[in-house]
Each structure stands twice: as C-alpha cells, then as structure tokens.
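Below you'll find the structure, written out as structure tokens, and then a few comments.
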Amino acid sequence: ALLRTSVRSGEPSSVIDIGCGTGDLAVLAASAALSSDWTGVDLLPDRIESAQARVPTARFIVASADALPFEADRFDVAAAVTVFSSIPSPQTEANVAREIQRVLRPGGWLVWYDLRYDNPSNPAVHGVTKARLRTLFPDWAMDLHATTLAPPIARRLGPATPIAYPLLHAIPPLRSHLIGRLRCPS
C-alpha cells in the first residue's frame, strides 16, 4: 500500500529498490503493475542474478548504496526495506542517506521498513529509531509508525497465535519495526 500511494497515479514512475536482494519487492510491484521503470541495487551478484531472473522486465545492478551509479533526481520513489539496520557504521548510513536524497527527485518518496530495536542475538544488526532518521534525513516530512510484533515473541506463540498476536501487537513497545514514508524536500 505504501508503494502504491507513493508512485504517481496515472503516470510512469521510476522506483529504486535499495538492497533489493533477490527481488521480492520487485515481484510484488510487477504483480500489481506499480511501475514500469524499476531498478534494484544490491551488493551481492548472486542476488542480482536471481532478481533479474524473477523479474526480467526490471533492471538490477550490482552497486553499493553509498555510491549509486545514477544521475541526480533520477527516481520518483526509493524503497529501503531492512537495509539501514544492516549498515555497519553511522558514517556509511549517512552516506547512503545522502545518495538516496541525491537520486530522488525533489518531492519524491522514500518507502521505509526496518528494525527500530537492536537485535541482541545478531550484533551486525542494529535498530534505526525515528530520532536517527531525523538525523539522517533532516527536513524530510516523515509518516512512520511501529509495526510487526517482535519476532522472538511471535515465534513463541504457537497455537495461540490467532488470539495472542493481535493482543500483543496492540502494545507499542512490542512492535519491532518502523514502517512508513519519508518525503524528500522540494
């Protein structure tokens, strides 16, 4: 729904999927006919090959998000789905944020879904809070909210899942991710 509301209605929209992996988001977008100009970037060549095989109408490129090989103002929408939580340093996060702003057209959207808490069982993964996003994307309008019951809790629900999941998800501190959109300044 966030991607659908971010592409320009009735007009071609260009989308860049930062850290596209094997193209899951591109598959969803293609099935919903959301964009005819889809570009995915990822560091791992095998993921790019898999994504290209899954969505041959899209363009997939091996590239680092902190040095995107595109001209400024090239895209209408950027998607960052569980990307920033895996970036190893605050400086690299800042570089990726600058690159996203550079390649997005003024007024373009960044569709966001990522962890808001650190992962205690994986020190390579860290949370990205709203406060950190305000630092990375100053002057951007933000519409973000917490979602997703923390996986360590959700995995333990077993047969009680249909009843317990909605009840526990209603408790904001138990929601482990942020989802929403950020708008690039005009």
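We label chains A, B, ... in the order they appear in the structure tokens, count residues from 1 in each chain, and number ligands from 1 in the order shown.
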Please identify every residue of stretch 28-107 of chain A that has at least one atom no farther than 8 Å from an atom of stretch 163-184 of chain A, counting only C-alpha atoms, and for each give the shortest atom pair and the distance in Å to one decimal, arranged by chain then increasing number, as a tab-separated table.
residue	atom	partner	partner_atom	distance
A:Gln101	CA	A:Cys184	CA	6.7
A:Leu104	CA	A:Cys184	CA	7.3
A:Arg105	CA	A:Cys184	CA	7.5
A:Pro106	CA	A:Cys184	CA	5.7
A:Gly107	CA	A:Cys184	CA	4.9
Any idea what's packed within 12 Å of stretch 132-141 of chain A, counting only C-alpha atoms, ignoring anything in its chain fewer than 2 positions away? Could you give it as a count of residues only? 42
Considering only helix (DSSP H, G or I) as DSSP defines it on the backbone, what residues of stretch 35-148 of chain A qualify? List them as a PyMOL selection string. chain A and resi 45-54+84-86+90-103+130-136
Mind dumping the selected residues with N, CA, C and O atoms as a compact mmCIF listing (two decimals), in the first residue's frame?
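Saved to result.txt:
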# COMPACT_ATOMS: atom_id res chain seq x y z
N PRO A 45 26.27 -10.15 -6.24
CA PRO A 45 25.94 -10.52 -7.63
C PRO A 45 24.96 -11.67 -7.76
O PRO A 45 24.09 -11.65 -8.63
N ASP A 46 25.04 -12.69 -6.88
CA ASP A 46 24.11 -13.81 -6.99
C ASP A 46 22.68 -13.38 -6.71
O ASP A 46 21.74 -13.89 -7.32
N ARG A 47 22.49 -12.42 -5.82
CA ARG A 47 21.14 -11.90 -5.55
C ARG A 47 20.62 -11.12 -6.76
O ARG A 47 19.46 -11.23 -7.12
N ILE A 48 21.50 -10.35 -7.38
CA ILE A 48 21.10 -9.59 -8.57
C ILE A 48 20.71 -10.56 -9.69
O ILE A 48 19.70 -10.35 -10.37
N GLU A 49 21.47 -11.61 -9.90
CA GLU A 49 21.14 -12.60 -10.93
C GLU A 49 19.77 -13.23 -10.66
O GLU A 49 18.96 -13.38 -11.58
N SER A 50 19.52 -13.58 -9.42
CA SER A 50 18.24 -14.17 -9.05
C SER A 50 17.10 -13.18 -9.28
O SER A 50 16.05 -13.54 -9.82
N ALA A 51 17.28 -11.93 -8.87
CA ALA A 51 16.24 -10.91 -9.06
C ALA A 51 15.95 -10.71 -10.54
O ALA A 51 14.78 -10.64 -10.94
N GLN A 52 16.99 -10.66 -11.37
CA GLN A 52 16.80 -10.45 -12.80
C GLN A 52 16.04 -11.61 -13.42
O GLN A 52 15.18 -11.41 -14.28
N ALA A 53 16.32 -12.82 -12.97
CA ALA A 53 15.60 -13.98 -13.48
C ALA A 53 14.13 -13.96 -13.06
O ALA A 53 13.25 -14.37 -13.82
N ARG A 54 13.85 -13.46 -11.88
CA ARG A 54 12.48 -13.41 -11.37
C ARG A 54 11.66 -12.31 -12.03
O ARG A 54 10.46 -12.46 -12.21
N PHE A 84 19.00 -0.26 6.31
CA PHE A 84 19.81 0.56 7.21
C PHE A 84 20.22 -0.20 8.47
O PHE A 84 21.29 0.04 9.02
N SER A 85 19.39 -1.13 8.93
CA SER A 85 19.73 -1.88 10.15
C SER A 85 20.94 -2.78 9.94
O SER A 85 21.54 -3.25 10.91
N SER A 86 21.32 -3.02 8.69
CA SER A 86 22.49 -3.87 8.40
C SER A 86 23.71 -3.07 7.97
O SER A 86 24.76 -3.65 7.69
N PRO A 90 27.69 4.38 11.38
CA PRO A 90 26.90 5.60 11.24
C PRO A 90 27.32 6.45 10.04
O PRO A 90 26.48 7.05 9.37
N GLN A 91 28.62 6.48 9.73
CA GLN A 91 29.09 7.27 8.59
C GLN A 91 28.56 6.68 7.28
O GLN A 91 28.14 7.41 6.39
N THR A 92 28.58 5.35 7.16
CA THR A 92 28.04 4.73 5.94
C THR A 92 26.54 4.96 5.84
O THR A 92 26.02 5.22 4.75
N GLU A 93 25.83 4.89 6.97
CA GLU A 93 24.40 5.21 6.96
C GLU A 93 24.18 6.62 6.41
O GLU A 93 23.29 6.84 5.58
N ALA A 94 24.97 7.58 6.88
CA ALA A 94 24.84 8.97 6.42
C ALA A 94 25.14 9.07 4.92
O ALA A 94 24.46 9.80 4.19
N ASN A 95 26.14 8.33 4.45
CA ASN A 95 26.47 8.34 3.03
C ASN A 95 25.33 7.76 2.19
O ASN A 95 25.00 8.29 1.12
N VAL A 96 24.72 6.69 2.66
CA VAL A 96 23.59 6.09 1.93
C VAL A 96 22.41 7.06 1.92
O VAL A 96 21.77 7.25 0.88
N ALA A 97 22.15 7.70 3.04
CA ALA A 97 21.05 8.68 3.10
C ALA A 97 21.29 9.82 2.11
O ALA A 97 20.37 10.24 1.40
N ARG A 98 22.52 10.30 2.02
CA ARG A 98 22.85 11.37 1.06
C ARG A 98 22.64 10.91 -0.37
O ARG A 98 22.14 11.65 -1.21
N GLU A 99 23.03 9.67 -0.66
CA GLU A 99 22.85 9.14 -2.01
C GLU A 99 21.37 8.99 -2.36
O GLU A 99 20.95 9.29 -3.48
N ILE A 100 20.56 8.54 -1.41
CA ILE A 100 19.12 8.45 -1.66
C ILE A 100 18.56 9.83 -1.97
O ILE A 100 17.82 10.00 -2.93
N GLN A 101 18.94 10.83 -1.18
CA GLN A 101 18.44 12.18 -1.45
C GLN A 101 18.93 12.68 -2.80
O GLN A 101 18.19 13.33 -3.53
N ARG A 102 20.15 12.34 -3.16
CA ARG A 102 20.70 12.80 -4.45
C ARG A 102 19.93 12.21 -5.63
O ARG A 102 19.62 12.92 -6.58
N VAL A 103 19.61 10.92 -5.58
CA VAL A 103 18.97 10.29 -6.74
C VAL A 103 17.46 10.45 -6.77
O VAL A 103 16.83 10.22 -7.80
N LYS A 130 13.33 6.63 15.06
CA LYS A 130 12.85 7.86 14.42
C LYS A 130 13.84 9.00 14.62
O LYS A 130 14.07 9.80 13.71
N ALA A 131 14.44 9.06 15.81
CA ALA A 131 15.42 10.12 16.07
C ALA A 131 16.61 9.99 15.12
O ALA A 131 17.10 11.00 14.59
N ARG A 132 17.07 8.78 14.88
CA ARG A 132 18.19 8.58 13.94
C ARG A 132 17.76 8.97 12.53
O ARG A 132 18.54 9.59 11.79
N LEU A 133 16.54 8.63 12.15
CA LEU A 133 16.05 9.00 10.82
C LEU A 133 15.98 10.52 10.67
O LEU A 133 16.28 11.04 9.59
N ARG A 134 15.60 11.22 11.73
CA ARG A 134 15.57 12.70 11.66
C ARG A 134 16.99 13.26 11.45
O ARG A 134 17.16 14.29 10.82
N THR A 135 17.99 12.57 11.99
CA THR A 135 19.37 12.98 11.78
C THR A 135 19.83 12.67 10.36
O THR A 135 20.48 13.49 9.71
N LEU A 136 19.47 11.49 9.87
CA LEU A 136 19.88 11.08 8.52
C LEU A 136 19.15 11.84 7.42
O LEU A 136 19.72 12.10 6.36
Per-residue DSSP, chain A, filtered to strand (DSSP E or B), as a VMD selection string: chain A and resid 14 to 18 37 to 42 59 to 62 75 to 81 104 to 115 141 to 149 175 to 183
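Between atom CA of A:Val55 and atom CA of A:Thr147 the interatomic distance comes to 28.3 Å.
Distances here use only C-alpha atoms; by that measure, the residue among A:Thr5, A:Ser13, A:Asn122, A:Gly40 closest to A:Phe70 is A:Gly40.
Counting only C-alpha atoms and comparing A:Val111, A:Ala80, A:Ala150, A:Ala33, the residue that lies closest to A:Gly21 is A:Ala80.
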Long-range neighbours of A:Trp38 as a PyMOL selection string, 9 Å cut-off, only C-alpha atoms, 5 positions minimum in chain: chain A and resi 13-17+26+29-30+57-60
For N, CA, C and O atoms, I'd like the residues from the last selection saved as a PDB file, in the first residue's frame.
ATOM      1  N   SER A  13       6.253   5.989 -13.184  1.00  0.00           N
ATOM      2  CA  SER A  13       7.078   6.355 -12.037  1.00  0.00           C
ATOM      3  C   SER A  13       8.326   5.492 -12.033  1.00  0.00           C
ATOM      4  O   SER A  13       8.274   4.307 -12.332  1.00  0.00           O
ATOM      5  N   SER A  14       9.432   6.102 -11.688  1.00  0.00           N
ATOM      6  CA  SER A  14      10.687   5.361 -11.595  1.00  0.00           C
ATOM      7  C   SER A  14      10.950   5.052 -10.124  1.00  0.00           C
ATOM      8  O   SER A  14      10.842   5.920  -9.264  1.00  0.00           O
ATOM      9  N   VAL A  15      11.289   3.792  -9.863  1.00  0.00           N
ATOM     10  CA  VAL A  15      11.496   3.318  -8.498  1.00  0.00           C
ATOM     11  C   VAL A  15      12.874   2.688  -8.398  1.00  0.00           C
ATOM     12  O   VAL A  15      13.287   1.936  -9.284  1.00  0.00           O
ATOM     13  N   ILE A  16      13.583   2.998  -7.304  1.00  0.00           N
ATOM     14  CA  ILE A  16      14.842   2.316  -6.993  1.00  0.00           C
ATOM     15  C   ILE A  16      14.657   1.566  -5.682  1.00  0.00           C
ATOM     16  O   ILE A  16      14.200   2.124  -4.690  1.00  0.00           O
ATOM     17  N   ASP A  17      14.986   0.286  -5.707  1.00  0.00           N
ATOM     18  CA  ASP A  17      14.909  -0.582  -4.541  1.00  0.00           C
ATOM     19  C   ASP A  17      16.331  -0.772  -4.028  1.00  0.00           C
ATOM     20  O   ASP A  17      17.134  -1.480  -4.630  1.00  0.00           O
ATOM     21  N   ALA A  26      10.264  -6.282  -6.034  1.00  0.00           N
ATOM     22  CA  ALA A  26      10.027  -6.127  -7.476  1.00  0.00           C
ATOM     23  C   ALA A  26       8.961  -7.099  -7.965  1.00  0.00           C
ATOM     24  O   ALA A  26       8.127  -6.748  -8.813  1.00  0.00           O
ATOM     25  N   ALA A  29       5.667  -5.640  -6.844  1.00  0.00           N
ATOM     26  CA  ALA A  29       5.341  -4.449  -7.640  1.00  0.00           C
ATOM     27  C   ALA A  29       4.923  -4.844  -9.050  1.00  0.00           C
ATOM     28  O   ALA A  29       3.973  -4.274  -9.600  1.00  0.00           O
ATOM     29  N   ALA A  30       5.609  -5.820  -9.653  1.00  0.00           N
ATOM     30  CA  ALA A  30       5.259  -6.257 -11.008  1.00  0.00           C
ATOM     31  C   ALA A  30       3.877  -6.892 -11.036  1.00  0.00           C
ATOM     32  O   ALA A  30       3.082  -6.642 -11.955  1.00  0.00           O
ATOM     33  N   THR A  57      11.692  -7.857 -16.644  1.00  0.00           N
ATOM     34  CA  THR A  57      11.345  -6.528 -17.165  1.00  0.00           C
ATOM     35  C   THR A  57      11.966  -5.399 -16.351  1.00  0.00           C
ATOM     36  O   THR A  57      11.930  -4.245 -16.769  1.00  0.00           O
ATOM     37  N   ALA A  58      12.530  -5.720 -15.200  1.00  0.00           N
ATOM     38  CA  ALA A  58      13.172  -4.710 -14.355  1.00  0.00           C
ATOM     39  C   ALA A  58      14.673  -4.707 -14.624  1.00  0.00           C
ATOM     40  O   ALA A  58      15.199  -5.575 -15.312  1.00  0.00           O
ATOM     41  N   ARG A  59      15.345  -3.697 -14.080  1.00  0.00           N
ATOM     42  CA  ARG A  59      16.796  -3.567 -14.217  1.00  0.00           C
ATOM     43  C   ARG A  59      17.403  -3.776 -12.821  1.00  0.00           C
ATOM     44  O   ARG A  59      16.968  -3.151 -11.849  1.00  0.00           O
ATOM     45  N   PHE A  60      18.381  -4.665 -12.744  1.00  0.00           N
ATOM     46  CA  PHE A  60      19.049  -4.950 -11.472  1.00  0.00           C
ATOM     47  C   PHE A  60      20.547  -4.775 -11.662  1.00  0.00           C
ATOM     48  O   PHE A  60      21.110  -5.251 -12.643  1.00  0.00           O
TER      49      PHE A  60
END
